[in-house]
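With TSV, C-alpha atoms inside, this is data35.tsv:
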chain	number	residue	atom	x	y	z
U	1	MET	CA	69.93	-6.37	-54.14
U	2	ARG	CA	70.37	-3.91	-57.00
U	3	HIS	CA	73.82	-4.81	-58.37
U	4	PHE	CA	76.07	-7.82	-57.75
U	5	THR	CA	79.79	-7.10	-57.90
U	6	CYS	CA	81.26	-8.34	-54.61
U	7	VAL	CA	80.55	-10.24	-51.41
U	8	ASN	CA	79.07	-7.15	-49.73
U	9	ASP	CA	76.15	-7.21	-52.18
U	10	ILE	CA	74.93	-10.68	-51.14
U	11	GLY	CA	74.05	-9.84	-47.54
U	12	ASP	CA	74.32	-12.38	-44.75
U	13	LEU	CA	76.36	-15.33	-46.05
U	14	LYS	CA	74.56	-18.01	-44.09
U	15	GLU	CA	71.22	-16.76	-45.37
U	16	ALA	CA	72.62	-16.56	-48.92
U	17	VAL	CA	73.77	-20.19	-48.72
U	18	LYS	CA	70.32	-21.27	-47.49
U	19	LYS	CA	68.72	-19.49	-50.44
U	20	ALA	CA	71.21	-21.18	-52.78
U	21	GLN	CA	70.41	-24.58	-51.31
U	22	TYR	CA	66.71	-23.96	-51.94
U	23	VAL	CA	67.44	-22.95	-55.54
U	24	LYS	CA	69.52	-26.08	-56.07
U	25	GLN	CA	66.78	-28.33	-54.72
U	26	ASN	CA	64.01	-26.46	-56.56
U	27	PRO	CA	65.54	-25.10	-59.76
U	28	TYR	CA	62.21	-24.38	-61.48
U	29	ALA	CA	60.17	-23.20	-58.50
U	30	ASP	CA	60.46	-19.58	-59.60
U	31	SER	CA	60.14	-20.08	-63.34
U	32	ALA	CA	57.42	-17.42	-63.54
U	33	LEU	CA	59.47	-14.78	-61.72
U	34	GLY	CA	61.31	-13.67	-64.85
U	35	LYS	CA	58.36	-13.80	-67.24
U	36	ASN	CA	58.64	-11.04	-69.87
U	37	LYS	CA	62.04	-10.05	-68.44
U	38	THR	CA	65.26	-10.09	-70.45
U	39	MET	CA	68.85	-10.52	-69.35
U	40	LEU	CA	71.62	-9.29	-71.61
U	41	LEU	CA	74.97	-11.06	-71.15
U	42	ILE	CA	77.86	-9.00	-72.51
U	43	PHE	CA	81.24	-10.63	-73.01
U	44	PHE	CA	84.39	-8.63	-73.60
U	45	ASN	CA	86.34	-11.85	-72.93
U	46	SER	CA	85.96	-15.55	-73.65
U	47	SER	CA	83.80	-17.76	-71.47
U	48	LEU	CA	82.48	-21.29	-71.13
U	49	ARG	CA	81.11	-21.87	-67.60
U	50	THR	CA	80.07	-18.25	-67.01
U	51	ARG	CA	78.18	-17.96	-70.27
U	52	LEU	CA	76.41	-21.30	-70.03
U	53	SER	CA	75.65	-21.19	-66.31
U	54	THR	CA	74.33	-17.61	-66.27
U	55	GLN	CA	72.23	-18.20	-69.37
U	56	LYS	CA	70.84	-21.41	-67.84
U	57	ALA	CA	70.10	-19.58	-64.57
U	58	ALA	CA	68.16	-16.88	-66.42
U	59	LEU	CA	66.17	-19.48	-68.35
U	60	ASN	CA	65.35	-21.37	-65.14
U	61	LEU	CA	63.78	-18.17	-63.85
U	62	GLY	CA	61.70	-17.74	-67.01
U	63	MET	CA	63.79	-14.91	-68.44
U	64	ASN	CA	64.80	-14.32	-72.01
U	65	ALA	CA	68.58	-14.35	-72.40
U	66	ILE	CA	70.50	-12.42	-75.07
U	67	VAL	CA	74.23	-13.03	-75.45
U	68	LEU	CA	76.47	-10.37	-76.99
U	69	ASP	CA	80.11	-11.17	-77.70
U	70	ILE	CA	81.80	-7.80	-78.20
U	71	ASN	CA	84.59	-9.44	-80.20
U	72	GLN	CA	82.26	-11.30	-82.57
U	73	GLY	CA	79.62	-9.48	-84.61
U	74	ALA	CA	79.59	-6.20	-82.71
U	75	TRP	CA	81.21	-2.82	-83.25
U	76	LYS	CA	84.54	-2.35	-81.54
U	77	LEU	CA	83.87	-0.21	-78.51
U	78	GLU	CA	85.88	2.73	-77.26
U	79	THR	CA	86.08	2.65	-73.46
U	80	GLU	CA	88.23	5.71	-72.72
U	81	LEU	CA	86.70	9.09	-71.97
U	82	GLY	CA	87.71	12.27	-73.79
U	83	VAL	CA	89.49	10.56	-76.68
U	84	VAL	CA	89.45	11.54	-80.35
U	85	MET	CA	87.84	8.53	-81.98
U	86	ASP	CA	90.02	8.31	-85.07
U	87	SER	CA	91.09	4.67	-84.62
U	88	ASP	CA	89.33	1.37	-85.36
U	89	LYS	CA	86.62	1.84	-82.70
U	90	PRO	CA	83.50	3.44	-84.21
U	91	GLU	CA	81.24	3.33	-81.13
U	92	HIS	CA	81.70	4.58	-77.58
U	93	LEU	CA	80.47	2.88	-74.43
U	94	LEU	CA	78.72	6.13	-73.49
U	95	GLU	CA	76.20	5.54	-76.27
U	96	ALA	CA	76.35	1.75	-76.39
U	97	ILE	CA	75.60	1.18	-72.70
U	98	PRO	CA	72.28	3.09	-72.47
U	99	VAL	CA	71.19	1.51	-75.76
U	100	MET	CA	71.93	-1.94	-74.33
U	101	GLY	CA	70.04	-1.00	-71.19
U	102	SER	CA	66.97	-0.07	-73.23
U	103	TYR	CA	66.79	-3.63	-74.59
U	104	CYS	CA	66.85	-5.53	-71.30
U	105	ASP	CA	66.02	-5.62	-67.60
U	106	ILE	CA	69.29	-6.97	-66.17
U	107	ILE	CA	72.81	-6.74	-67.61
U	108	GLY	CA	75.65	-9.19	-66.99
U	109	VAL	CA	79.15	-7.95	-67.85
U	110	ARG	CA	82.39	-9.89	-68.24
U	111	SER	CA	85.50	-7.75	-68.68
U	112	PHE	CA	88.98	-8.80	-67.55
U	113	ALA	CA	91.93	-6.74	-66.39
U	114	ARG	CA	93.90	-5.39	-69.35
U	115	PHE	CA	97.23	-5.05	-67.51
U	116	GLU	CA	97.80	-1.69	-69.23
U	117	SER	CA	97.19	0.34	-66.09
U	118	LYS	CA	96.77	-0.93	-62.54
U	119	ASP	CA	94.75	2.17	-61.68
U	120	ASP	CA	92.34	1.56	-64.56
U	121	ASP	CA	91.97	-2.13	-63.71
U	122	TYR	CA	91.46	-1.63	-59.99
U	123	SER	CA	89.00	1.22	-60.50
U	124	GLU	CA	86.88	-1.18	-62.60
U	125	LYS	CA	86.42	1.34	-65.41
U	126	ILE	CA	84.20	-0.80	-67.65
U	127	LEU	CA	82.00	-2.35	-64.95
U	128	THR	CA	81.57	1.05	-63.30
U	129	GLN	CA	80.42	2.63	-66.57
U	130	PHE	CA	77.74	-0.04	-67.00
U	131	ILE	CA	76.46	0.60	-63.48
U	132	LYS	CA	76.51	4.36	-64.05
U	133	TYR	CA	75.00	4.61	-67.52
U	134	SER	CA	72.81	1.54	-68.17
U	135	GLY	CA	69.97	2.32	-65.78
U	136	ARG	CA	69.73	-1.42	-65.11
U	137	PRO	CA	70.87	-3.82	-62.39
U	138	VAL	CA	74.34	-5.05	-63.30
U	139	VAL	CA	75.81	-8.46	-62.46
U	140	SER	CA	79.56	-8.93	-62.65
U	141	MET	CA	80.34	-12.08	-64.63
U	142	GLU	CA	84.02	-11.44	-63.79
U	143	ALA	CA	85.59	-8.04	-63.76
U	144	ALA	CA	89.16	-6.79	-63.49
U	145	THR	CA	89.44	-7.37	-59.75
U	146	ARG	CA	86.71	-9.84	-58.72
U	147	HIS	CA	84.68	-12.85	-59.90
U	148	PRO	CA	81.82	-12.94	-57.38
U	149	LEU	CA	79.65	-15.54	-59.13
U	150	GLN	CA	82.58	-17.96	-59.01
U	151	SER	CA	83.32	-17.20	-55.37
U	152	PHE	CA	79.69	-17.66	-54.38
U	153	ALA	CA	79.69	-21.06	-56.13
U	154	ASP	CA	82.94	-21.91	-54.32
U	155	LEU	CA	81.34	-21.10	-50.98
U	156	ILE	CA	78.26	-23.19	-51.80
U	157	THR	CA	80.54	-26.10	-52.72
U	158	ILE	CA	82.61	-25.88	-49.54
U	159	GLU	CA	79.44	-25.79	-47.46
U	160	GLU	CA	78.22	-28.93	-49.23
U	161	TYR	CA	81.44	-30.90	-48.80
U	162	LYS	CA	82.87	-29.71	-45.48
U	163	LYS	CA	83.32	-32.41	-42.83
U	164	ARG	CA	83.62	-30.03	-39.88
U	165	GLU	CA	82.02	-26.73	-39.01
U	166	ARG	CA	85.21	-24.69	-39.38
U	167	PRO	CA	87.29	-26.24	-42.16
U	168	LYS	CA	90.80	-25.22	-43.10
U	169	VAL	CA	90.76	-23.75	-46.60
U	170	VAL	CA	94.01	-23.07	-48.47
U	171	LEU	CA	94.35	-20.88	-51.55
U	172	THR	CA	97.53	-21.85	-53.34
U	173	TRP	CA	99.28	-20.19	-56.27
U	174	ALA	CA	100.38	-22.60	-59.01
U	175	PRO	CA	102.42	-22.07	-62.19
U	176	HIS	CA	100.94	-21.03	-65.54
U	177	PRO	CA	102.57	-19.96	-68.83
U	178	LYS	CA	100.40	-16.85	-69.35
U	179	SER	CA	99.60	-13.71	-67.39
U	180	LEU	CA	96.30	-14.22	-65.60
U	181	PRO	CA	94.24	-11.64	-63.70
U	182	GLN	CA	94.01	-11.52	-59.93
U	183	ALA	CA	90.19	-11.45	-60.06
U	184	VAL	CA	89.50	-15.04	-58.99
U	185	PRO	CA	92.00	-15.13	-56.09
U	186	ASN	CA	91.03	-11.62	-54.97
U	187	SER	CA	87.38	-12.59	-54.91
U	188	PHE	CA	87.99	-15.95	-53.24
U	189	VAL	CA	89.99	-14.19	-50.51
U	190	GLU	CA	87.23	-11.65	-50.01
U	191	TRP	CA	84.54	-14.33	-49.64
U	192	MET	CA	86.63	-16.57	-47.38
U	193	LYS	CA	87.36	-13.62	-45.09
U	194	ALA	CA	83.61	-13.18	-44.70
U	195	THR	CA	83.31	-16.72	-43.29
U	196	ASP	CA	84.60	-18.13	-40.02
U	197	TYR	CA	86.78	-20.71	-41.80
U	198	GLU	CA	90.47	-21.14	-41.06
U	199	PHE	CA	91.92	-19.59	-44.19
U	200	VAL	CA	95.51	-19.59	-45.47
U	201	ILE	CA	97.03	-18.13	-48.63
U	202	THR	CA	100.26	-19.60	-49.98
U	203	HIS	CA	102.36	-18.34	-52.88
U	204	PRO	CA	105.98	-17.59	-53.82
U	205	HIS	CA	107.56	-14.28	-52.87
U	206	GLY	CA	106.59	-11.64	-55.44
U	207	TYR	CA	103.06	-12.93	-55.91
U	208	GLU	CA	101.45	-11.03	-53.05
U	209	LEU	CA	97.90	-9.95	-53.87
U	210	SER	CA	96.61	-6.45	-53.21
U	211	PRO	CA	96.72	-5.69	-49.47
U	212	SER	CA	93.20	-4.27	-49.83
U	213	PHE	CA	92.05	-7.88	-50.22
U	214	THR	CA	94.51	-9.83	-48.06
U	215	GLU	CA	94.71	-7.57	-45.00
U	216	GLY	CA	94.27	-9.75	-41.91
U	217	CYS	CA	94.85	-13.02	-43.78
U	218	THR	CA	97.43	-15.67	-42.91
U	219	ILE	CA	100.03	-15.80	-45.69
U	220	GLU	CA	102.42	-18.75	-45.72
U	221	TYR	CA	105.30	-18.83	-48.22
U	222	ASP	CA	106.00	-22.51	-47.54
U	223	GLN	CA	103.40	-24.35	-49.62
U	224	LYS	CA	103.90	-27.70	-47.90
U	225	LYS	CA	103.47	-26.15	-44.47
U	226	ALA	CA	100.29	-24.41	-45.64
U	227	PHE	CA	98.83	-27.70	-46.86
U	228	GLU	CA	99.23	-29.46	-43.51
U	229	GLY	CA	95.84	-30.42	-42.08
U	230	ALA	CA	93.89	-28.67	-44.83
U	231	ASP	CA	90.32	-29.68	-45.67
U	232	PHE	CA	90.14	-27.85	-49.01
U	233	ILE	CA	92.88	-26.91	-51.47
U	234	TYR	CA	91.91	-24.20	-53.95
U	235	ALA	CA	94.57	-23.92	-56.67
U	236	LYS	CA	94.81	-20.86	-58.91
U	237	ASN	CA	97.44	-18.99	-60.82
U	238	TRP	CA	97.63	-15.22	-60.86
U	239	SER	CA	100.11	-12.70	-62.21
U	240	ALA	CA	102.12	-10.29	-60.07
U	241	PHE	CA	100.29	-7.38	-58.47
U	242	ALA	CA	103.13	-5.23	-57.13
U	243	ASP	CA	104.89	-2.68	-59.33
U	244	PRO	CA	106.98	-2.81	-61.47
U	245	ASN	CA	105.81	-6.34	-62.30
U	246	TYR	CA	102.06	-5.75	-62.38
U	247	GLY	CA	100.40	-8.23	-64.74
U	248	LYS	CA	103.61	-10.14	-65.42
U	249	VAL	CA	104.67	-13.75	-65.03
U	250	ILE	CA	107.71	-13.63	-62.75
U	251	SER	CA	107.93	-17.35	-62.04
U	252	MET	CA	106.84	-20.66	-63.57
U	253	ASP	CA	108.23	-22.72	-60.72
U	254	LYS	CA	106.70	-26.18	-61.22
U	255	SER	CA	107.58	-27.16	-57.68
U	256	TRP	CA	104.34	-25.31	-56.83
U	257	THR	CA	102.21	-27.67	-58.97
U	258	VAL	CA	99.65	-29.43	-56.80
U	259	ASP	CA	100.50	-33.15	-56.79
U	260	LYS	CA	99.61	-36.22	-54.74
U	261	ALA	CA	102.59	-35.84	-52.41
U	262	LYS	CA	101.35	-32.40	-51.38
U	263	MET	CA	97.73	-33.52	-51.09
U	264	ASP	CA	98.93	-36.31	-48.79
U	265	LEU	CA	99.98	-33.59	-46.32
U	266	THR	CA	96.36	-32.50	-45.97
U	267	ASP	CA	93.53	-33.99	-43.93
U	268	ASN	CA	92.25	-35.86	-47.00
U	269	ALA	CA	91.43	-32.49	-48.55
U	270	PHE	CA	89.14	-31.84	-51.47
U	271	PHE	CA	90.74	-30.25	-54.53
U	272	MET	CA	89.10	-27.18	-56.08
U	273	HIS	CA	89.76	-25.02	-59.13
U	274	CYS	CA	87.57	-22.56	-61.04
U	275	LEU	CA	88.45	-24.06	-64.47
U	276	PRO	CA	89.73	-24.04	-67.14
U	277	VAL	CA	92.83	-25.66	-65.68
U	278	ARG	CA	96.25	-26.37	-67.18
U	279	ARG	CA	96.83	-30.02	-66.34
U	280	ASN	CA	100.28	-30.88	-65.05
U	281	MET	CA	101.01	-27.18	-64.59
U	282	ILE	CA	98.42	-26.17	-62.01
U	283	VAL	CA	97.62	-29.73	-60.89
U	284	THR	CA	98.66	-33.23	-61.85
U	285	ASP	CA	96.28	-35.63	-63.61
U	286	GLU	CA	96.39	-37.89	-60.58
U	287	VAL	CA	94.94	-35.20	-58.33
U	288	ILE	CA	92.34	-33.64	-60.61
U	289	ASP	CA	91.11	-37.07	-61.72
U	290	GLY	CA	91.20	-38.41	-58.17
U	291	PRO	CA	88.27	-39.13	-55.84
U	292	ASN	CA	88.75	-35.90	-53.88
U	293	SER	CA	88.56	-33.62	-56.90
U	294	ILE	CA	85.33	-31.62	-56.77
U	295	VAL	CA	85.97	-29.31	-59.73
U	296	ILE	CA	82.92	-30.60	-61.64
U	297	PRO	CA	80.39	-30.17	-58.79
U	298	GLU	CA	82.02	-26.78	-58.16
U	299	ALA	CA	81.42	-25.78	-61.79
U	300	ALA	CA	77.84	-27.10	-61.65
U	301	ASN	CA	77.20	-24.78	-58.71
U	302	ARG	CA	77.82	-21.83	-61.01
U	303	VAL	CA	74.20	-22.21	-62.15
U	304	VAL	CA	73.09	-22.16	-58.51
U	305	SER	CA	75.07	-19.05	-57.59
U	306	ALA	CA	73.89	-17.17	-60.68
U	307	GLN	CA	70.26	-18.19	-60.23
U	308	THR	CA	70.28	-17.21	-56.56
U	309	VAL	CA	71.66	-13.77	-57.43
U	310	LEU	CA	69.26	-13.21	-60.35
U	311	LYS	CA	66.30	-14.29	-58.23
U	312	GLU	CA	67.16	-11.68	-55.58
U	313	ILE	CA	67.53	-8.97	-58.20
U	314	LEU	CA	64.21	-9.89	-59.84
U	315	LEU	CA	62.47	-9.79	-56.48
U	316	ASN	CA	63.62	-6.18	-56.13
U	317	LEU	CA	62.80	-4.92	-59.63
Taking this structure as input, can you express it in the form of structure tokens?
Amino acid sequence: MRHFTCVNDIGDLKEAVKKAQYVKQNPYADSALGKNKTMLLIFFNSSLRTRLSTQKAALNLGMNAIVLDINQGAWKLETELGVVMDSDKPEHLLEAIPVMGSYCDIIGVRSFARFESKDDDYSEKILTQFIKYSGRPVVSMEAATRHPLQSFADLITIEEYKKRERPKVVLTWAPHPKSLPQAVPNSFVEWMKATDYEFVITHPHGYELSPSFTEGCTIEYDQKKAFEGADFIYAKNWSAFADPNYGKVISMDKSWTVDKAKMDLTDNAFFMHCLPVRRNMIVTDEVIDGPNSIVIPEAANRVVSAQTVLKEILLNL
């Protein structure tokens, strides 16, 4: 593995899960693998789990970890090509990226969709520039269209908790007061499609994800019907994808909040969410605090997914 940006980079999923299980059981077995290696974690957006888990994963492998928050203590970076730099951005990514690359061995990048241009977001302009100009392996710590470290952790979690070989997994939209990217749901769809699970997506009309991700998926607009017999409920908000509403909140319908009555329709399903979560918007207290909530083990597996990915990259340096 050279770069990690999507499910296609991980190889065979069953083998990847086995490697993750080994890492989880033996977190310090490869502590010498990253000796004298440095990982640079670059954040264009805020983070809690991604920052801590990826940094911890690097340390477990014996690597040095440098964290750079672009919005705190760094020059504002120009990301557009061919512009006259007469605004408040004194440095361009074209110079900044190769300089960053000269200081490290692996680069992690977190950069959300901006909702200014669908074409720019879905072409992954920032992530692509790091891959092109850094000269280093690049790990996506969430980009405009995908969050592969989260999705890998989600898969690890489902494999740990599933009660039957082919569980029914439901991705459900839920209300939120702010415009959120489609990266997590896009990525979750992509990873679930790569499994043999029974997979259903449910959301209100107008919240269809990009067909490039959902092609071939079962989409059910009746949330209660989608929940019937489910083994896992993965709740997540996302903003509209289709024009002219790209990046907008077009509904805050609280009837889509995941509550106990809906969970009672499932086959005693586990509740999942990537966090942070808006309580009593996305999910009620009763559900997220209930015995079938696995959001904390799911978050803990972020270290496992990151460490598994970094280990594979180090083995190929």
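Distances from U:Gly206, U:Gly135, U:Gly108, U:Pro297 to U:Thr5 were compared using only C-alpha atoms, and the smallest one belongs to U:Gly108.
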Go ahead and compute the interatomic distance for atom CA of U:Leu171 and atom CA of U:Val189, in Å to one decimal.
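About the pair atom CA of U:Leu171 and atom CA of U:Val189: they are 8.1 Å apart.
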Enclose the full set of atoms of stretch 270-280 of chain U listed in the file within a box whose edges lie along x, y and z, apply 4 Å of padding to each of the six sides, and report centre and edge lengths in Å to one decimal as lines of an AutoDock Vina configuration file.
center_x = 93.9
center_y = -27.2
center_z = -59.3
size_x = 20.7
size_y = 17.3
size_z = 23.7
Which residues, written as a list in words, have at least one atom at most 7 Å from stretch 51-68 of chain U, with all atoms listed in the file counted and residues fewer than 4 positions away on the same chain left out?
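Listing them by chain and then by number gives Pro27, Tyr28, Asp30, Ser31, Ala32, Leu33, Gly34, Lys35, Asn36, Lys37, Thr38, Met39, Leu40, Leu41, Ile42, Phe43, Ser47, Arg302, Val303, Ala306 and Gln307 of chain U.
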Excluding stretch 255-271 of chain U and its own-chain neighbours fewer than 6 positions away, which residues fall within 8 Å of it when counting only C-alpha atoms? Please give them as a PyMOL selection string.
chain U and resi 173-175+223-224+227-235+280-284+286-288+292-295
For those residues, write C-alpha atoms to a file as a tab-separated table (two decimals), in the coordinates of the input.
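The resulting part04.tsv:
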chain	number	residue	atom	x	y	z
U	173	TRP	CA	99.28	-20.19	-56.27
U	174	ALA	CA	100.38	-22.60	-59.01
U	175	PRO	CA	102.42	-22.07	-62.19
U	223	GLN	CA	103.40	-24.35	-49.62
U	224	LYS	CA	103.90	-27.70	-47.90
U	227	PHE	CA	98.83	-27.70	-46.86
U	228	GLU	CA	99.23	-29.46	-43.51
U	229	GLY	CA	95.84	-30.42	-42.08
U	230	ALA	CA	93.89	-28.67	-44.83
U	231	ASP	CA	90.32	-29.68	-45.67
U	232	PHE	CA	90.14	-27.85	-49.01
U	233	ILE	CA	92.88	-26.91	-51.47
U	234	TYR	CA	91.91	-24.20	-53.95
U	235	ALA	CA	94.57	-23.92	-56.67
U	280	ASN	CA	100.28	-30.88	-65.05
U	281	MET	CA	101.01	-27.18	-64.59
U	282	ILE	CA	98.42	-26.17	-62.01
U	283	VAL	CA	97.62	-29.73	-60.89
U	284	THR	CA	98.66	-33.23	-61.85
U	286	GLU	CA	96.39	-37.89	-60.58
U	287	VAL	CA	94.94	-35.20	-58.33
U	288	ILE	CA	92.34	-33.64	-60.61
U	292	ASN	CA	88.75	-35.90	-53.88
U	293	SER	CA	88.56	-33.62	-56.90
U	294	ILE	CA	85.33	-31.62	-56.77
U	295	VAL	CA	85.97	-29.31	-59.73
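Every protein or nucleic acid residue with an atom no more than 9 Å from U:Asp121, counting all atoms listed in the file and leaving out same-chain residues fewer than 5 positions away, appears here: Phe112, Ala113, Arg114, Phe115, Glu116, Ile126, Ala143, Ala144 and Thr145 of chain U.
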How would the residues just picked look written out with C-alpha atoms as a JSON list (two decimals), in the frame of the given file?
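Dumped everything to result.json:
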[["chain", "number", "residue", "atom", "x", "y", "z"],
["U", 112, "PHE", "CA", 88.98, -8.80, -67.55],
["U", 113, "ALA", "CA", 91.93, -6.74, -66.39],
["U", 114, "ARG", "CA", 93.90, -5.39, -69.35],
["U", 115, "PHE", "CA", 97.23, -5.05, -67.51],
["U", 116, "GLU", "CA", 97.80, -1.69, -69.23],
["U", 126, "ILE", "CA", 84.20, -0.80, -67.65],
["U", 143, "ALA", "CA", 85.59, -8.04, -63.76],
["U", 144, "ALA", "CA", 89.16, -6.79, -63.49],
["U", 145, "THR", "CA", 89.44, -7.37, -59.75]]
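Atom pair atom CA of U:Pro148 / atom CA of U:Leu77 has a distance of 24.8 Å (rounded to one decimal).
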Could you check which of U:Thr195, U:Gln25, U:Ser140, U:Ser123 is closest to U:Arg166, using only C-alpha atoms?
U:Thr195
Distance criterion (only C-alpha atoms): nearest to U:Ala16 out of U:Met1, U:Leu94, U:Val109, U:Val84:
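Selected residue with least distance to U:Ala16: U:Met1.
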